[in-house]
Amino acid sequence: MPRERAVSEVKEPHLISLKVLRLSRPSLSEQHPITVDTLSHRTPELKDASQHSHAYPSHPLENLFMLTPLLTLPPAFTSVFIGEIFSCCLSANNEAKSNVTHVKITAQMQIPSSQTLQLNLTAATDGGDVGTDLEPGDSLQKIVTYDLKEEGNHVLAVTVTYTDPRKPPPQDEDALDTRVRTFKKLYQFVAQQCIMVRTKAGSLPGGKAILEAQLENLGETPVALHRVSMKTKWKWTSLNWDMEDHRSATTTTASKGVIPLLKSRDVMQVAFLLEPDDGDGAAADADKGRKMGAAVTAEEKRPEERNPDIEKDVIGQLSIEWRTSCGDRGFLRTGKLVLPPPV
């Protein structure tokens, strides 16, 4: 984790150490094999060099493909993108030679909008609200997840609380035989955009509208676009992607299993034709949004509170879903898209 800072109420060493590991899916290991020609077989040194250039000793010399079946974890923290799920494993380890009791871990996330959110932790190892007792060498592990929605600096604050079994210093005459100790560590990282979305909407005769969107991969690795859809009360049709039956599933997907792949800085353009609907489309899109994991907005809950002057020009929202290395999911939804005023 980058930029670690520790905060503690005492200067003496703690019995508990904290390790924070970001959880991410592995990627396929790369190799750069040396080509073996007919002459190299006559030279054992060249053959050995070719063998050592492969990912593992038993790998066939004829296979010169860069990617191998071996999986590898990221060598560093790597980038964090909006729309992805940020996951970490928090491990509190007992470094003492005696038992430590009532060990607890809590976590908070400070987001760019200056809010501090309390995060829910799932137990990788058992541990209740009262804490966990750790024997020497044991650890308490928790997993924290957070859906990144804002661009900018994020600070993950992890607090560890435990009961120190050692006697307090002699100057603390009124202290109990045991004491509760706490320390906090702060981890700062920056969330960046992975998919940049540029949109342009226009009106057409007959009350129709057209929406053009330009999707650019701002990341350093390729992404596979799995779904581009409209969340709208209008009937919509994709103009450049074949799609499933949009009357029953308002989702644009790649046809015949061909998934569009965007390399770093690649750009893809999509377009949608929108027509006025009788009102059934909004319910269908809202239901589809719930299935895709999107939050139900206040407008969906209270349609009677919508402002007619604003809502009449709103054509909906654009939803993009993508996959990165080994299937890591990313999801992004734009704000409300509005038709420009007539000229």
# chains A, B, ... in the order shown; residues from 1 in each chain; ligands from 1

$ residues_around --residues "A:Val314" --least-positions-apart "4" --cutoff "7 Å" --atoms "only C-alpha atoms" --output "VMD selection string"
chain A and resid 310 336 to 339

$ write_last_selection --atoms "N, CA, C and O atoms" --output "PDB file, in the first residue's frame"
ATOM      1  N   ILE A 310     -37.406  20.034 -16.154  1.00  0.00           N
ATOM      2  CA  ILE A 310     -36.078  19.447 -16.335  1.00  0.00           C
ATOM      3  C   ILE A 310     -36.178  18.063 -16.972  1.00  0.00           C
ATOM      4  O   ILE A 310     -35.418  17.709 -17.871  1.00  0.00           O
ATOM      5  N   LYS A 336     -27.234  12.324 -15.721  1.00  0.00           N
ATOM      6  CA  LYS A 336     -28.381  12.458 -16.618  1.00  0.00           C
ATOM      7  C   LYS A 336     -27.973  13.226 -17.868  1.00  0.00           C
ATOM      8  O   LYS A 336     -27.381  14.315 -17.789  1.00  0.00           O
ATOM      9  N   LEU A 337     -28.291  12.656 -19.019  1.00  0.00           N
ATOM     10  CA  LEU A 337     -27.973  13.273 -20.301  1.00  0.00           C
ATOM     11  C   LEU A 337     -29.199  14.054 -20.783  1.00  0.00           C
ATOM     12  O   LEU A 337     -30.322  13.541 -20.769  1.00  0.00           O
ATOM     13  N   VAL A 338     -28.970  15.272 -21.230  1.00  0.00           N
ATOM     14  CA  VAL A 338     -30.058  16.184 -21.581  1.00  0.00           C
ATOM     15  C   VAL A 338     -29.916  16.609 -23.035  1.00  0.00           C
ATOM     16  O   VAL A 338     -28.800  16.833 -23.511  1.00  0.00           O
ATOM     17  N   LEU A 339     -31.053  16.715 -23.697  1.00  0.00           N
ATOM     18  CA  LEU A 339     -31.048  17.228 -25.067  1.00  0.00           C
ATOM     19  C   LEU A 339     -30.726  18.722 -25.072  1.00  0.00           C
ATOM     20  O   LEU A 339     -31.183  19.468 -24.199  1.00  0.00           O
TER      21      LEU A 339
END

$ residues_around --residues "stretch 97-106 of chain A" --least-positions-apart "6" --cutoff "9 Å" --atoms "only C-alpha atoms" --output "ChimeraX atom specification"
/A:15-16,90-91,118-121,127-137,140-142,157-165,180

$ residues_around --residues "A:Ile143" --least-positions-apart "6" --cutoff "6 Å" --atoms "only C-alpha atoms" --output "number ranges by chain"
A: 88-89, 121-122

$ residues_around --residues "A:Trp234" --least-positions-apart "2" --cutoff "7 Å" --atoms "only C-alpha atoms" --output "PyMOL selection string"
chain A and resi 232+236+274-277+281+315

$ residues_around --residues "A:Glu321" --least-positions-apart "3" --cutoff "8 Å" --atoms "only C-alpha atoms" --output "list in words"
Leu225, His226, Arg227, Val228, Arg329, Gly330, Phe331 and Leu332 of chain A
